[in-house]
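**Q** If it helps, the file is called work36.txt and holds compact mmCIF, C-alpha atoms:
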# COMPACT_ATOMS: atom_id res chain seq x y z
CA MET A 1 9.89 -14.22 7.28
CA ALA A 2 12.80 -14.81 9.62
CA SER A 3 11.45 -17.29 12.14
CA ASN A 4 14.78 -17.47 13.97
CA PRO A 5 15.79 -14.16 15.52
CA GLY A 6 19.35 -12.91 15.69
CA ILE A 7 22.08 -12.76 13.09
CA ILE A 8 21.22 -14.74 9.99
CA PHE A 9 23.75 -13.24 7.63
CA ARG A 10 26.89 -11.21 8.24
CA VAL A 11 28.39 -8.86 5.66
CA PRO A 12 31.88 -10.08 4.62
CA ASP A 13 34.97 -8.60 6.32
CA PHE A 14 36.28 -5.18 5.38
CA HIS A 15 40.05 -4.90 5.06
CA ARG A 16 42.49 -3.00 2.91
CA LEU A 17 46.15 -1.98 2.78
CA ASP A 18 47.30 1.58 2.16
CA ILE A 19 50.98 2.44 1.70
CA SER A 20 52.69 5.77 1.42
CA ALA A 21 56.21 7.19 1.33
CA THR A 22 57.43 10.66 2.17
CA LEU A 23 60.10 12.43 0.18
CA ASN A 24 61.51 15.31 2.19
CA GLY A 25 62.63 18.44 0.38
CA LYS A 26 66.12 19.81 0.76
CA LYS A 27 66.80 21.57 4.07
CA TYR A 28 69.70 23.70 2.89
CA LYS A 29 70.26 26.00 -0.03
CA ARG A 30 73.15 25.44 -2.44
CA ASN A 31 75.26 28.03 -0.64
CA GLY A 32 74.85 26.19 2.69
CA ASP A 33 72.25 28.46 4.30
CA ARG A 34 69.20 26.84 5.90
CA ARG A 35 66.06 27.24 3.77
CA LYS A 36 63.29 29.30 5.24
CA ASN A 37 60.56 26.91 4.10
CA GLU A 38 60.21 23.21 4.75
CA ASP A 39 58.50 21.01 2.18
CA TYR A 40 57.93 17.35 1.36
CA PHE A 41 56.03 15.11 -1.06
CA VAL A 42 53.86 12.17 -0.01
CA PHE A 43 53.28 9.40 -2.57
CA GLY A 44 50.77 6.72 -1.71
CA PHE A 45 48.41 4.00 -2.82
CA TYR A 46 45.01 3.46 -1.26
CA ASN A 47 43.66 -0.09 -1.30
CA VAL A 48 46.91 -1.64 -2.62
CA TYR A 49 45.44 -5.06 -3.39
CA ALA A 50 42.35 -3.49 -5.04
CA ARG A 51 39.92 -5.31 -2.78
CA ARG A 52 36.23 -4.72 -3.42
CA ASN A 53 35.15 -4.15 0.13
CA PRO A 54 31.44 -4.51 0.77
CA PHE A 55 29.64 -1.24 1.40
CA SER A 56 26.20 -2.81 1.24
CA ILE A 57 24.43 -5.87 -0.04
CA TYR A 58 21.01 -5.49 -1.58
CA PHE A 59 18.41 -7.92 -2.82
CA SER A 60 16.64 -7.22 -6.08
CA GLN A 61 14.87 -8.87 -8.98
CA GLY A 62 16.69 -7.57 -12.04
CA SER A 63 15.70 -4.88 -14.50
CA ASP A 64 13.81 -6.99 -17.04
CA ARG A 65 10.06 -7.43 -16.97
CA PRO A 66 9.22 -11.01 -16.11
CA PRO A 67 6.64 -12.39 -18.59
CA ALA A 68 3.19 -12.83 -17.06
CA GLY A 69 3.13 -15.85 -14.80
CA ALA A 70 6.88 -16.51 -14.95
CA PRO A 71 8.86 -16.86 -11.73
CA ILE A 72 10.80 -13.77 -10.66
CA ASP A 73 14.58 -13.84 -10.95
CA SER A 74 15.90 -12.63 -7.58
CA PHE A 75 19.53 -12.22 -6.53
CA ALA A 76 21.87 -10.43 -4.14
CA THR A 77 24.31 -7.74 -5.23
CA GLN A 78 27.29 -6.42 -3.30
CA VAL A 79 28.15 -2.75 -3.73
CA SER A 80 31.74 -1.57 -3.25
CA ILE A 81 32.26 2.16 -3.26
CA ILE A 82 35.97 2.25 -4.18
CA GLY A 83 36.75 -1.24 -5.41
CA THR A 84 40.15 -0.54 -6.91
CA ILE A 85 43.62 0.83 -6.20
CA ILE A 86 43.84 4.62 -6.03
CA PRO A 87 47.18 6.43 -6.34
CA ALA A 88 47.70 9.63 -4.37
CA ILE A 89 50.27 12.39 -4.37
CA SER A 90 50.49 15.42 -2.15
CA TYR A 91 52.88 18.29 -1.69
CA ASN A 92 53.15 19.82 1.76
CA PHE A 93 55.05 22.88 2.89
CA LYS A 94 55.46 25.04 5.95
CA PHE A 95 56.08 28.75 5.79
CA MET B 96 51.03 18.88 -18.62
CA LYS B 97 47.84 18.50 -20.61
CA LYS B 98 48.82 14.93 -21.46
CA TYR B 99 49.27 14.10 -17.77
CA LEU B 100 45.94 15.68 -16.93
CA ASN B 101 44.32 13.30 -19.38
CA TYR B 102 45.99 10.32 -17.73
CA ILE B 103 45.00 11.51 -14.28
CA SER B 104 41.38 12.10 -15.28
CA VAL B 105 41.19 8.63 -16.83
CA ILE B 106 42.45 7.09 -13.58
CA VAL B 107 40.14 9.15 -11.37
CA PHE B 108 37.00 8.64 -13.46
CA GLY B 109 37.85 4.98 -13.97
CA ALA B 110 38.06 4.52 -10.22
CA VAL B 111 34.81 6.33 -9.52
CA PHE B 112 32.71 4.88 -12.30
CA SER B 113 34.21 1.39 -12.64
CA SER B 114 31.69 -1.32 -11.94
CA CYS B 115 31.70 -1.78 -8.22
CA GLU B 116 28.78 -4.19 -8.13
CA ASP B 117 29.10 -7.95 -8.02
CA VAL B 118 26.32 -10.51 -7.88
CA ILE B 119 27.21 -12.67 -4.89
CA ASN B 120 26.02 -15.84 -3.25
CA VAL B 121 24.45 -15.27 0.11
CA GLU B 122 23.86 -18.26 2.35
CA LEU B 123 20.50 -17.64 3.95
CA PRO B 124 19.17 -20.08 6.52
CA VAL B 125 16.16 -22.09 5.42
CA SER B 126 13.03 -21.16 7.32
CA GLU B 127 9.71 -22.94 7.62
CA PRO B 128 7.42 -22.33 4.62
CA VAL B 129 4.52 -19.96 5.32
CA VAL B 130 1.12 -19.85 3.62
CA VAL B 131 0.82 -17.12 0.95
CA ILE B 132 -2.60 -15.95 -0.24
CA ASP B 133 -2.70 -13.89 -3.42
CA ALA B 134 -6.25 -12.54 -3.59
CA TRP B 135 -6.65 -9.42 -5.74
CA ILE B 136 -10.26 -9.63 -6.87
CA THR B 137 -11.72 -7.27 -9.48
CA ASP B 138 -15.12 -6.72 -11.04
CA LYS B 139 -13.78 -7.30 -14.56
CA PRO B 140 -16.13 -9.68 -16.43
CA GLU B 141 -13.74 -12.62 -16.29
CA PRO B 142 -12.99 -15.49 -13.89
CA GLN B 143 -11.50 -14.26 -10.61
CA VAL B 144 -8.55 -16.26 -9.27
CA ILE B 145 -7.26 -16.60 -5.71
CA ARG B 146 -3.93 -18.41 -5.30
CA VAL B 147 -3.03 -20.26 -2.12
CA MET B 148 0.65 -21.19 -2.05
CA LYS B 149 3.57 -21.57 0.29
CA THR B 150 6.78 -19.58 0.43
CA ILE B 151 10.08 -20.79 -1.03
CA PRO B 152 13.64 -19.61 -0.26
CA TYR B 153 14.39 -16.16 -1.74
CA PHE B 154 17.01 -17.40 -4.22
CA GLN B 155 15.00 -20.38 -5.44
CA ASN B 156 13.68 -18.76 -8.61
CA THR B 157 10.80 -21.13 -9.30
CA PHE B 158 7.03 -21.05 -9.03
CA LEU B 159 5.58 -21.11 -5.54
CA PRO B 160 4.12 -24.55 -4.87
CA GLY B 161 0.32 -24.44 -4.71
CA LEU B 162 -1.76 -25.73 -1.82
CA ASN B 163 -4.76 -27.69 -3.07
CA GLU B 164 -6.51 -28.66 0.16
CA ALA B 165 -8.05 -25.27 0.93
CA THR B 166 -11.69 -24.18 0.89
CA VAL B 167 -11.90 -20.59 -0.36
CA THR B 168 -14.97 -18.42 0.20
CA VAL B 169 -15.60 -14.69 -0.04
CA LYS B 170 -18.55 -13.42 1.94
CA ASP B 171 -20.39 -10.16 1.29
CA MET B 172 -20.68 -8.75 4.83
CA THR B 173 -23.23 -6.15 3.70
CA ASP B 174 -25.88 -8.35 2.02
CA GLN B 175 -24.71 -11.76 3.40
CA THR B 176 -24.28 -13.46 0.00
CA THR B 177 -21.31 -15.77 -0.52
CA TYR B 178 -19.01 -16.36 -3.46
CA GLU B 179 -17.61 -19.90 -3.55
CA PHE B 180 -14.22 -20.25 -5.22
CA GLU B 181 -13.88 -23.65 -6.93
CA LYS B 182 -10.57 -25.48 -7.20
CA GLY B 183 -9.06 -24.68 -10.64
CA GLU B 184 -6.89 -26.87 -12.84
CA GLU B 185 -3.59 -25.23 -11.89
CA ASP B 186 -1.95 -25.97 -8.54
CA GLY B 187 -3.18 -23.69 -5.77
CA GLU B 188 -5.75 -21.89 -7.95
CA TYR B 189 -9.31 -21.23 -6.78
CA ILE B 190 -11.69 -19.67 -9.28
CA TRP B 191 -15.03 -17.84 -9.18
CA SER B 192 -16.59 -17.37 -12.62
CA PRO B 193 -19.18 -14.71 -13.48
CA THR B 194 -22.68 -15.96 -14.24
CA VAL B 195 -25.67 -14.43 -16.01
CA GLU B 196 -27.18 -13.45 -12.65
CA LYS B 197 -23.85 -12.17 -11.32
CA PRO B 198 -21.87 -10.78 -14.30
CA ALA B 199 -19.28 -9.02 -12.10
CA PHE B 200 -17.86 -9.54 -8.62
CA GLY B 201 -19.34 -7.53 -5.78
CA GLU B 202 -21.10 -4.22 -5.26
CA ILE B 203 -19.42 -0.86 -4.75
CA GLY B 204 -19.48 0.19 -1.10
CA HIS B 205 -19.92 -3.34 0.27
CA GLU B 206 -17.46 -5.02 2.62
CA TYR B 207 -16.09 -8.47 1.79
CA GLN B 208 -14.47 -11.12 3.93
CA LEU B 209 -12.10 -13.76 2.57
CA ILE B 210 -12.06 -17.07 4.42
CA VAL B 211 -9.43 -19.66 3.49
CA ASP B 212 -9.98 -22.87 5.44
CA MET B 213 -7.02 -25.26 5.37
CA GLY B 214 -8.58 -27.83 7.68
CA ASN B 215 -6.10 -27.45 10.57
CA ALA B 216 -5.95 -23.64 10.30
CA SER B 217 -7.95 -20.90 8.66
CA TYR B 218 -7.12 -17.41 7.45
CA VAL B 219 -9.36 -14.35 7.25
CA ALA B 220 -9.15 -10.91 5.63
CA ASN B 221 -11.50 -8.01 5.01
CA SER B 222 -11.74 -5.52 2.18
CA PHE B 223 -14.14 -2.90 0.91
CA LYS B 224 -14.99 -2.62 -2.76
CA ASN B 225 -14.45 1.08 -3.41
CA ARG B 226 -15.56 3.33 -6.22
CA VAL B 227 -13.40 4.05 -9.25
CA PRO B 228 -13.62 6.94 -11.74
CA GLU B 229 -14.15 6.34 -15.44
CA ILE B 230 -11.03 6.97 -17.51
CA ASP B 231 -11.82 10.11 -19.49
CA SER B 232 -9.07 9.79 -22.09
CA ILE B 233 -5.53 8.77 -22.92
CA ASN B 234 -3.43 11.10 -24.99
CA PHE B 235 0.06 11.15 -26.45
CA ARG B 236 2.40 14.10 -26.70
CA PHE B 237 5.64 14.56 -28.58
CA GLU B 238 8.66 16.06 -26.87
CA GLU B 239 11.90 16.95 -28.57
CA GLY B 240 15.02 15.20 -27.34
CA ASN B 241 17.51 16.66 -24.88
CA SER B 242 20.81 15.41 -23.49
CA PHE B 243 19.03 12.68 -21.49
CA PHE B 244 16.19 11.71 -23.78
CA PRO B 245 15.74 11.14 -27.50
CA ASP B 246 12.76 12.58 -29.37
CA SER B 247 9.96 10.89 -27.45
CA TYR B 248 6.26 10.20 -27.40
CA PHE B 249 4.81 10.18 -23.88
CA ALA B 250 1.38 8.91 -22.94
CA GLY B 251 -0.88 10.39 -20.28
CA VAL B 252 -4.04 9.00 -18.69
CA TYR B 253 -6.82 11.32 -17.61
CA ALA B 254 -9.39 10.43 -14.97
CA THR B 255 -10.99 12.65 -12.35
CA ASP B 256 -10.94 11.53 -8.73
CA PRO B 257 -14.45 11.80 -7.24
CA VAL B 258 -14.98 14.38 -4.51
CA GLY B 259 -14.38 13.02 -0.99
CA ALA B 260 -10.96 12.23 0.46
CA GLY B 261 -9.72 8.67 0.98
CA ASP B 262 -9.93 7.06 -2.46
CA ALA B 263 -6.87 5.10 -3.53
CA TYR B 264 -6.02 3.60 -6.90
CA TRP B 265 -3.56 1.25 -8.53
CA ILE B 266 -3.03 2.33 -12.15
CA LYS B 267 -1.79 -0.61 -14.22
CA ALA B 268 -0.54 -0.14 -17.78
CA TRP B 269 0.21 -2.45 -20.70
CA LYS B 270 2.36 -1.50 -23.71
CA ASN B 271 1.57 -3.60 -26.78
CA GLY B 272 -0.03 -6.18 -24.51
CA GLU B 273 2.97 -6.42 -22.16
CA PHE B 274 2.17 -5.54 -18.55
CA LEU B 275 4.56 -2.89 -17.20
CA ASN B 276 5.51 -4.86 -14.08
CA LYS B 277 8.95 -3.59 -13.09
CA PRO B 278 9.12 -2.60 -9.41
CA SER B 279 9.67 1.00 -10.55
CA GLU B 280 6.44 0.88 -12.58
CA ILE B 281 4.09 0.39 -9.62
CA ASN B 282 1.86 3.44 -10.08
CA ILE B 283 -0.40 4.14 -7.11
CA SER B 284 -2.32 7.22 -6.14
CA TYR B 285 -4.15 8.51 -3.11
CA ASP B 286 -7.07 10.58 -4.38
CA ALA B 287 -5.56 12.42 -7.36
CA GLY B 288 -2.08 12.70 -5.87
CA GLY B 289 0.85 10.53 -4.90
CA SER B 290 0.39 10.33 -1.12
CA PRO B 291 -2.09 11.22 1.63
CA GLY B 292 0.14 14.08 2.79
CA ALA B 293 -1.08 16.63 0.28
CA ILE B 294 -4.78 17.26 -0.22
CA VAL B 295 -5.44 16.77 -3.93
CA ASP B 296 -9.04 15.59 -3.94
CA GLY B 297 -11.68 15.73 -6.63
CA ILE B 298 -9.38 16.79 -9.48
CA PRO B 299 -7.82 14.92 -12.45
CA PHE B 300 -4.78 12.73 -11.60
CA ILE B 301 -1.75 14.96 -11.15
CA GLN B 302 1.03 14.78 -13.70
CA PRO B 303 3.34 12.11 -12.16
CA ILE B 304 0.37 9.75 -11.79
CA ARG B 305 -0.90 10.60 -15.27
CA ASP B 306 2.55 9.94 -16.77
CA GLY B 307 3.13 6.81 -14.68
CA ILE B 308 2.01 4.67 -17.62
CA ASN B 309 5.24 5.30 -19.58
CA PRO B 310 7.94 2.60 -19.67
CA PHE B 311 11.45 4.08 -19.32
CA ASP B 312 13.46 1.36 -21.02
CA GLN B 313 17.08 1.60 -22.10
CA ASP B 314 18.98 0.09 -25.02
CA GLU B 315 22.22 -1.96 -24.68
CA ASP B 316 24.24 1.24 -24.31
CA ASP B 317 22.03 2.50 -21.47
CA ASN B 318 20.46 5.21 -23.64
CA PHE B 319 16.81 5.90 -22.90
CA LEU B 320 14.28 4.90 -25.54
CA SER B 321 11.12 6.76 -26.45
CA PRO B 322 8.38 5.30 -24.20
CA TYR B 323 6.02 4.89 -27.16
CA ASN B 324 6.51 4.87 -30.91
CA PRO B 325 3.98 5.35 -33.72
CA GLY B 326 1.80 2.25 -33.92
CA ASP B 327 2.34 1.22 -30.28
CA SER B 328 -0.71 0.60 -28.14
CA VAL B 329 -1.29 1.44 -24.50
CA TYR B 330 -3.97 -0.10 -22.32
CA VAL B 331 -4.70 1.22 -18.83
CA GLU B 332 -6.70 -0.19 -15.93
CA VAL B 333 -7.49 1.92 -12.88
CA HIS B 334 -8.19 -0.34 -9.88
CA SER B 335 -9.76 1.11 -6.75
CA VAL B 336 -7.86 -0.20 -3.72
CA ASN B 337 -8.30 -0.02 0.02
CA TYR B 338 -5.97 2.27 1.95
CA ASN B 339 -4.11 -0.70 3.44
CA ALA B 340 -3.62 -2.06 -0.10
CA TYR B 341 -2.20 1.32 -1.10
CA THR B 342 0.32 1.16 1.77
CA PHE B 343 1.05 -2.48 0.91
CA LEU B 344 1.88 -1.60 -2.71
CA LEU B 345 3.93 1.38 -1.57
CA GLU B 346 5.92 -0.89 0.75
CA VAL B 347 6.34 -3.53 -1.98
CA SER B 348 7.74 -0.90 -4.31
CA VAL B 349 10.15 0.36 -1.62
CA GLN B 350 11.36 -3.18 -0.93
CA THR B 351 11.69 -4.33 -4.56
CA ASP B 352 12.69 -1.17 -6.45
CA ARG B 353 16.42 -1.29 -5.72
CA PRO B 354 18.38 0.55 -8.39
CA GLY B 355 21.65 -0.26 -6.62
CA GLY B 356 24.94 1.59 -7.06
CA PHE B 357 25.32 4.84 -5.18
CA ALA B 358 21.59 4.90 -4.45
CA GLU B 359 22.37 2.23 -1.83
CA LEU B 360 23.90 5.00 0.29
CA PHE B 361 20.35 6.21 0.92
CA ALA B 362 18.45 2.92 0.61
CA GLN B 363 15.77 1.96 3.09
CA PRO B 364 16.57 -1.10 5.18
CA LEU B 365 15.02 -4.47 4.37
CA ALA B 366 11.76 -5.18 6.14
CA ASN B 367 8.88 -7.59 5.90
CA VAL B 368 5.91 -6.15 4.06
CA PRO B 369 2.80 -6.34 6.26
CA SER B 370 -0.23 -8.37 5.21
CA ASN B 371 -3.94 -7.72 5.77
CA ILE B 372 -4.63 -11.44 6.12
CA ARG B 373 -4.79 -12.76 9.67
CA VAL B 374 -4.86 -16.19 11.25
CA ALA B 375 -8.33 -17.08 12.57
CA SER B 376 -8.47 -17.32 16.35
CA ASP B 377 -9.32 -21.06 16.39
CA SER B 378 -6.11 -21.96 14.51
CA PRO B 379 -2.93 -23.40 16.04
CA ASN B 380 -0.47 -20.89 17.50
CA ASP B 381 2.28 -21.61 14.96
CA ALA B 382 0.07 -20.91 11.91
CA LYS B 383 1.44 -18.02 9.83
CA VAL B 384 0.18 -16.30 6.72
CA ILE B 385 1.25 -13.56 4.31
CA GLY B 386 -0.25 -12.14 1.15
CA PHE B 387 -3.05 -9.70 0.43
CA PHE B 388 -6.80 -9.55 -0.11
CA ASN B 389 -8.35 -6.61 -1.97
CA VAL B 390 -11.57 -6.20 -3.93
CA SER B 391 -11.38 -3.59 -6.72
CA SER B 392 -13.67 -1.85 -9.14
CA VAL B 393 -11.90 -1.37 -12.43
CA SER B 394 -12.20 1.10 -15.28
CA THR B 395 -10.27 0.53 -18.49
CA LEU B 396 -9.25 2.31 -21.68
CA GLY B 397 -6.82 1.70 -24.51
CA ARG B 398 -5.36 3.73 -27.34
CA ARG B 399 -2.96 3.34 -30.25
CA LEU B 400 -0.38 6.04 -31.02
CA ASP B 401 -1.16 7.77 -34.32
CA PRO B 402 1.42 10.56 -34.89
CA ASN B 403 -1.02 12.40 -37.17
CA ASN B 404 -3.50 12.72 -34.35
CA LEU B 405 -1.58 14.52 -31.61
CA PRO B 406 -2.82 17.59 -29.77
CA VAL B 407 -1.48 20.76 -31.37
CA LYS B 408 0.98 22.59 -29.14
CA GLU B 409 -0.16 26.05 -28.11
CA ASN B 410 2.55 28.67 -28.23
Would you mind writing the file's structure down as structure tokens?

**A**
Amino acid sequence: MASNPGIIFRVPDFHRLDISATLNGKKYKRNGDRRKNEDYFVFGFYNVYARRNPFSIYFSQGSDRPPAGAPIDSFATQVSIIGTIIPAISYNFKF
Amino acid sequence: MKKYLNYISVIVFGAVFSSCEDVINVELPVSEPVVVIDAWITDKPEPQVIRVMKTIPYFQNTFLPGLNEATVTVKDMTDQTTYEFEKGEEDGEYIWSPTVEKPAFGEIGHEYQLIVDMGNASYVANSFKNRVPEIDSINFRFEEGNSFFPDSYFAGVYATDPVGAGDAYWIKAWKNGEFLNKPSEINISYDAGGSPGAIVDGIPFIQPIRDGINPFDQDEDDNFLSPYNPGDSVYVEVHSVNYNAYTFLLEVSVQTDRPGGFAELFAQPLANVPSNIRVASDSPNDAKVIGFFNVSSVSTLGRRLDPNNLPVKEN
């Protein structure tokens, strides 16, 4: 029963840091000729400081059965979809 | 390479399945308390209780404070008799007790009106007392375990919806005397089916309704347990409800049954559950009320699980 209209609760801020580095492949062959293909690796980390960003916040009353007549235990839970650091590696080439 | 694959799979699965849920503190603004009326009346031969209370903040996990200054009456609109609810011992409780002349509340087919007079404001609601089918039987069946379930005994309740569309029921179940009152265990039916969309009238309750009396509990390791074990008892009450009570219970289950996790991707937004109680027109403009009034007929049956007395499987 929200008697005051408008924003009553705002979901916490979403922020994260991703870093990545590119390692280019060699451009020339050992004998000095230019290679036909170009390639490079990309190494990266998604969500470097492993922040649990809020995806949603839901309100529930737990999974236990309250005994008859007892008050209900209600609480709020924040869901984070990827709440940790994720390493990534990719290999790219042109031909 | 195989070794690295193992490492990689551990990292990937760890990231996907690691607990991404945290119980948090949410600062909600305090709003003015509102009157709550909890009035689910049945024709069971026992005292009928109406509770008049006021709301508390969502995270204050205590009893709702009772309001003791109300006058509570239920009027039979069909034959003009009245049922006076007397103030009980507990805070906010108003009780009507059966008498020799009136062993059960109400008559099937009659319309009832609840009037809660608080002095400065009064609240009104209407409800029909609808018919309910007798419970024909409860049976148990044994099913061998699979990768999700252990060897299990399931219970089923059989009752045949009377012919004529528009009946609605709330099927309440108790296992060993404990009421199955999780949000996911709200078992409601419209005629013999789950919703008014499909026409399933005048037949026995369809299978999901029939099996809705099974508790799906898990052990500490999140493995499912057999709903019933030899020696367990099950007791079932079928309550006839009005259509607006059916939609109320449906909405309550949507709003409270929140499994969380990835299911939140598809969750329905929060909303206030509507009430069938209204503020009487001579009350002040700022009077507000929530809660529900419904008069039910009830049929009951219980059974204890005896593994030597199960139906024989036909091959």

**Q** Point out the residue among B:Pro369, B:Gly356, B:Gly292, B:Pro160 with the least atom-to-atom distance to chain A, counting all atoms listed in the file.

**A**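 Nearest candidate to chain A out of B:Pro369, B:Gly356, B:Gly292, B:Pro160: B:Gly356.
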
**Q** Nearest to Ile86 of chain A among A:Leu23, A:Ile57, A:Ile72, A:Leu17, with distances taken over only C-alpha atoms: which residue is it?

**A**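 Closest candidate: A:Leu17.
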
**Q** Please check the contacts: residues of chain A at most 12 Å away from chain B, using all atoms listed in the file, listed as a PyMOL selection string.

**A** chain A and resi 1-12+46-47+50-89

**Q** Using only C-alpha atoms, determine which residues lie at most 8 Å from segment 394-396 of chain B, disregarding the query and same-chain residues fewer than 6 positions distant; provide the list as a VMD selection string.

**A** chain B and resid 227 to 230 232 to 233 330 to 334

**Q** By how many Å are atom CA of Asp296 of chain B and atom CA of Lys270 of chain B apart?

**A**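 Result for atom CA of Asp296 of chain B versus atom CA of Lys270 of chain B: 28.5 Å, one decimal.
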
**Q** Grab the atom CA of Ala340 of chain B to atom CA of Phe387 of chain B distance for me, in Å with one decimal place.

**A** 7.7 Å

**Q** For atom CA of Arg236 of chain B and atom CA of Ser290 of chain B, quote the distance in Å rounded to one decimal.

**A** 25.9 Å

**Q** Compare B:Asp317, B:Glu141, B:Asp133, B:Asp306 by their minimum atom-to-atom distance to Asn234 of chain B, counting all atoms listed in the file, and give me the closest one.

**A**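 Smallest separation from Asn234 of chain B among the options: B:Asp306.
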
**Q** Excluding segment 260-269 of chain B and its own-chain neighbours fewer than 2 positions away, which residues fall within 10 Å of it when counting only C-alpha atoms? Please give them as an MDAnalysis selection string.

**A** chainID B and resid 225:228 252 256:258 271:276 280:291 294:297 304:305 307:310 328:342 344 391:397
